[in-house]
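Right, one structure below, let's go through it.
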Amino acid sequence: MYSSYKAQSLAMKNLKTLLISANVGSLFDDPENLFKKWLNQFYQVVRDKDPDFIALHCQEVGGKNFAQSMPNVKKWIQDLLASPDLKNYDRVRIFLDEDFKTAETFTALGSLYFVHSRVADIRIWDFASSDFVNVKDTKVYDGSIESVGEKDKQKFPLELFPNRTWSRKGYMRTRWQVGRLSFDLVNVHLFHDDSNLESMSRTPSIYADFRRGAFNWTLDQLRDGSASIELPTFLFGDFNFRLDMVGYLKAVADGAERREQSDKSGRPSRVDFLAAGDGENGGCLLSVGKKLFERRSDNGANEFYENKNCWLNELDFELKSFDQHLFEFPVTFPPTYPFSEDCQAPGAATGYMATRLPGWCDRVLCSHSARRALLCPPDQPTQYAVLGLDDCLGDHKPVFLSTLLCTAADAEADAAGCILDPADMPSPPLLSRLLDQPGVQVKLTDRNGAVYAHVRRDGTTICVFRETAV
């Protein structure tokens, strides 16, 4: 596979990196039931992956009821910094936007970074002085962080918000340098769907339009006048991307009788989809209201968690608008939102609330320029997955990308390609969809008797599959 010299050489030039996105709104509103569970899952993935560098991007810091729950953040940070599982991470940067009294700047974003003692040298960019500075200690920036130079935090312009009404949405960027590699990490929170009834009226929904506008604005800031994002960049957060609800209704309720209820003003408040011929009081397939999405079937909500034959992935369309600038590793895990927040309820870990059509809101996205930094030899495969798949962690499941970043010459990263963990290989239908994308080709190679399929787009390797996994 690799000679011992080659493996040793690569090890010295690589940064084992763990990128995690977590919407923690539920966590701070119910710390008694969720703090320990959430932290245990976080510590477990740290033990399993043993990364050199951890980047944890949080949204809704302080909870949905942030004015009341913001004090819980301090206890959470104290627990993290005191954890034995993080004792070898001797350099830390934490940025917490907690100033909820200033609506025009408040985003409730939290970006936390932990550097292992075995990393000899790491620097962070100071956006105020336009220079890299050495990271040698632990610093926690909280409250109002507008004047902190080591981050670039922007709230979306008011004209990009639905109804021109402020909410906790924006991005926060940090820039890092290790060896010869400089890279950006961007924490993003885009707009949610306010009404299911509005979402089902057309594709793309009005909310998808607002998300696309805000995300394009964000990418414009990152490009800084260039045609593309030049630095390797990883954007991970709560993008609030939703499935095509019109397409979903066509798939599960095509031909069903539609029965509407209206509020006192005559506006639709609820729509029931009834199976044809099942009588007045039975056969309801689905009920949709502003904040109601109740699927009734023999399989119930399990159809979302199981996602048989990856059919829901065909309805996951919003990221396609950004293919020119970004790519994502194959999504092989269940939709990440909205899981049950009631940890005492039966099946809470795998059950979804009857509030929204489940979707992959939480993602880790990569700029095309990041390909030159990704280095994934066969013995250390990349993994793109969720935390707490079988545990109740609130309404969002955290998503992580565990990978190697090459901190030496770009050519070494390009030569290796990126090999995914066999446990996270896509099923044949999803793999076929991946290969159907424009410019995608497959190249087969042989290493010591093992055959690898290199999935390439426009001549650049995206990922590699072992023959047994395809």
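FYI, nothing fancy with the structure tokens labels: chains A, B, ... in order, residues from 1 per chain, ligands from 1 as they appear.
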To test your reading of the structure, identify every residue in range 93-260 of chain A that backbone DSSP assigns to strand (DSSP E), and report it as number ranges by chain. A: 93-96, 110-116, 123-126, 131-134, 138-141, 152-155, 170-178, 181-189, 233-238, 257-260
File dump, residues just selected, C-alpha atoms, as a compact mmCIF listing (two decimals), in the first residue's frame:
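And here is the file that came out, out.txt:
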# COMPACT_ATOMS: atom_id res chain seq x y z
CA ARG A 93 -9.99 29.09 20.56
CA ILE A 94 -13.68 29.56 21.35
CA PHE A 95 -15.87 32.26 19.77
CA LEU A 96 -19.42 32.60 21.17
CA GLY A 110 -20.39 29.37 18.33
CA SER A 111 -17.11 28.20 16.80
CA LEU A 112 -14.86 26.05 18.98
CA TYR A 113 -11.37 24.83 18.01
CA PHE A 114 -9.10 22.40 19.87
CA VAL A 115 -5.44 21.74 18.94
CA HIS A 116 -3.62 18.60 20.12
CA ARG A 123 -1.49 29.87 13.43
CA ILE A 124 -4.77 31.74 13.14
CA TRP A 125 -5.47 34.73 10.91
CA ASP A 126 -6.18 38.07 12.52
CA ASP A 131 -1.61 38.61 9.59
CA PHE A 132 -1.27 35.11 11.00
CA VAL A 133 -0.58 34.88 14.75
CA ASN A 134 0.67 31.87 16.66
CA THR A 138 -6.58 28.89 25.44
CA LYS A 139 -8.85 31.84 24.82
CA VAL A 140 -12.63 32.05 25.16
CA TYR A 141 -14.32 35.01 23.49
CA ASP A 152 -14.85 37.25 10.56
CA LYS A 153 -18.52 37.28 11.64
CA GLN A 154 -21.26 38.66 9.46
CA LYS A 155 -25.01 38.75 9.86
CA GLY A 170 -25.29 34.64 9.38
CA TYR A 171 -21.81 33.16 9.15
CA MET A 172 -18.55 33.14 11.13
CA ARG A 173 -15.21 32.39 9.51
CA THR A 174 -11.77 31.57 10.88
CA ARG A 175 -8.56 31.02 8.89
CA TRP A 176 -5.81 28.64 9.93
CA GLN A 177 -2.28 27.81 8.84
CA VAL A 178 -0.45 24.57 9.53
CA LEU A 181 -1.45 24.77 4.24
CA SER A 182 -3.79 27.69 4.86
CA PHE A 183 -7.52 26.97 5.02
CA ASP A 184 -10.80 28.60 5.98
CA LEU A 185 -13.49 27.16 8.26
CA VAL A 186 -16.93 28.75 7.95
CA ASN A 187 -19.83 28.32 10.38
CA VAL A 188 -23.15 28.96 8.58
CA HIS A 189 -26.79 29.20 9.66
CA THR A 233 -12.53 26.08 2.53
CA PHE A 234 -14.88 23.95 4.60
CA LEU A 235 -18.36 25.27 5.29
CA PHE A 236 -20.25 23.37 7.97
CA GLY A 237 -23.37 24.42 9.80
CA ASP A 238 -27.15 24.33 9.71
CA GLU A 257 -58.26 13.31 -1.91
CA ARG A 258 -57.21 16.70 -0.57
CA ARG A 259 -59.32 18.06 2.31
CA GLU A 260 -58.60 21.60 3.54
Could you list, as a JSON list (two decimals) with C-alpha atoms, in the first residue's frame, every residue within 7 Å of Phe304 in chain A, counting only C-alpha atoms and ignoring same-chain residues fewer than 5 positions away?
[["chain", "number", "residue", "atom", "x", "y", "z"],
["A", 334, "PRO", "CA", -30.67, 9.63, 7.73],
["A", 335, "PRO", "CA", -32.09, 13.17, 7.50],
["A", 358, "PRO", "CA", -37.38, 15.67, 7.58]]
Between CA of Arg91 in chain A and CA of Asp121 in chain A - distance in Å to one decimal: 10.5 Å
Give me the range 330-375 of chain A side of the contact with range 380-402 of chain A, cut-off 6 Å, one line per residue showing its nearest atom pair and distance in Å at one decimal, counting only C-alpha atoms, sorted by chain and residue number, as a Markdown table.
| residue | atom | partner | partner_atom | distance |
| --- | --- | --- | --- | --- |
| A:Thr336 | CA | A:Lys397 | CA | 5.1 |
| A:Tyr337 | CA | A:His396 | CA | 5.0 |
| A:Pro338 | CA | A:Asp395 | CA | 4.8 |
| A:Phe339 | CA | A:Asp395 | CA | 4.3 |
| A:Ser340 | CA | A:Asp395 | CA | 5.6 |
| A:Glu341 | CA | A:Gly394 | CA | 4.6 |
| A:Cys343 | CA | A:Cys392 | CA | 5.6 |
| A:Ala348 | CA | A:Cys392 | CA | 5.9 |
| A:Ala349 | CA | A:Cys392 | CA | 4.2 |
Can I get the selected residues back with N, CA, C and O atoms, as an mmCIF file, in the first residue's frame?
data_model
loop_
_atom_site.group_PDB
_atom_site.id
_atom_site.type_symbol
_atom_site.label_atom_id
_atom_site.label_comp_id
_atom_site.auth_asym_id
_atom_site.auth_seq_id
_atom_site.Cartn_x
_atom_site.Cartn_y
_atom_site.Cartn_z
ATOM 1 N N THR A 336 -31.174 14.723 9.123
ATOM 2 C CA THR A 336 -30.670 15.108 10.443
ATOM 3 C C THR A 336 -31.644 15.913 11.287
ATOM 4 O O THR A 336 -31.358 16.231 12.442
ATOM 5 N N TYR A 337 -32.828 16.232 10.723
ATOM 6 C CA TYR A 337 -33.792 17.109 11.415
ATOM 7 C C TYR A 337 -35.181 16.801 10.890
ATOM 8 O O TYR A 337 -35.339 16.455 9.721
ATOM 9 N N PRO A 338 -36.269 16.884 11.724
ATOM 10 C CA PRO A 338 -36.336 17.236 13.155
ATOM 11 C C PRO A 338 -36.554 15.998 14.031
ATOM 12 O O PRO A 338 -37.650 15.443 14.110
ATOM 13 N N PHE A 339 -35.523 15.545 14.693
ATOM 14 C CA PHE A 339 -35.649 14.413 15.604
ATOM 15 C C PHE A 339 -36.398 14.823 16.870
ATOM 16 O O PHE A 339 -36.481 16.000 17.213
ATOM 17 N N SER A 340 -36.915 13.830 17.556
ATOM 18 C CA SER A 340 -37.665 14.077 18.785
ATOM 19 C C SER A 340 -36.772 14.741 19.835
ATOM 20 O O SER A 340 -35.610 14.373 20.005
ATOM 21 N N GLU A 341 -37.325 15.723 20.536
ATOM 22 C CA GLU A 341 -36.604 16.384 21.624
ATOM 23 C C GLU A 341 -36.963 15.783 22.979
ATOM 24 O O GLU A 341 -36.356 16.145 24.000
ATOM 25 N N CYS A 343 -36.552 13.038 25.223
ATOM 26 C CA CYS A 343 -35.700 11.865 25.395
ATOM 27 C C CYS A 343 -36.383 10.750 26.187
ATOM 28 O O CYS A 343 -35.893 9.615 26.203
ATOM 29 N N ALA A 348 -37.317 7.783 20.848
ATOM 30 C CA ALA A 348 -36.937 9.184 20.630
ATOM 31 C C ALA A 348 -35.651 9.312 19.815
ATOM 32 O O ALA A 348 -35.494 10.259 19.040
ATOM 33 N N ALA A 349 -34.729 8.374 19.975
ATOM 34 C CA ALA A 349 -33.434 8.486 19.301
ATOM 35 C C ALA A 349 -33.553 8.428 17.789
ATOM 36 O O ALA A 349 -32.777 9.060 17.062
#
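Of note, CA of Lys87 in chain A and CA of Leu404 in chain A are spaced 21.7 Å apart.
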I need the residues in range 229-268 of chain A that are alpha helix (DSSP H) according to DSSP; give them as a list in words. Met245, Val246, Gly247, Tyr248, Leu249, Lys250, Ala251, Val252 and Ala253 of chain A
Go ahead and save the residues from that selection, with N, CA and C atoms, as a compact mmCIF listing (two decimals), in the first residue's frame.
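As a result, out_27.txt now contains:
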# COMPACT_ATOMS: atom_id res chain seq x y z
N MET A 245 -40.82 19.36 -1.18
CA MET A 245 -42.07 18.89 -0.63
C MET A 245 -43.10 18.58 -1.73
N VAL A 246 -43.07 19.34 -2.80
CA VAL A 246 -43.99 19.06 -3.91
C VAL A 246 -43.70 17.67 -4.46
N GLY A 247 -42.43 17.35 -4.63
CA GLY A 247 -42.04 16.03 -5.12
C GLY A 247 -42.40 14.93 -4.14
N TYR A 248 -42.26 15.22 -2.84
CA TYR A 248 -42.60 14.23 -1.82
C TYR A 248 -44.11 13.93 -1.86
N LEU A 249 -44.91 14.97 -1.92
CA LEU A 249 -46.37 14.78 -1.97
C LEU A 249 -46.78 13.99 -3.20
N LYS A 250 -46.12 14.24 -4.30
CA LYS A 250 -46.43 13.49 -5.51
C LYS A 250 -46.09 12.02 -5.34
N ALA A 251 -45.02 11.74 -4.60
CA ALA A 251 -44.58 10.36 -4.42
C ALA A 251 -45.48 9.57 -3.47
N VAL A 252 -45.99 10.22 -2.41
CA VAL A 252 -46.74 9.48 -1.39
C VAL A 252 -48.24 9.73 -1.41
N ALA A 253 -48.67 10.83 -2.07
CA ALA A 253 -50.09 11.17 -2.00
C ALA A 253 -50.67 11.50 -3.38
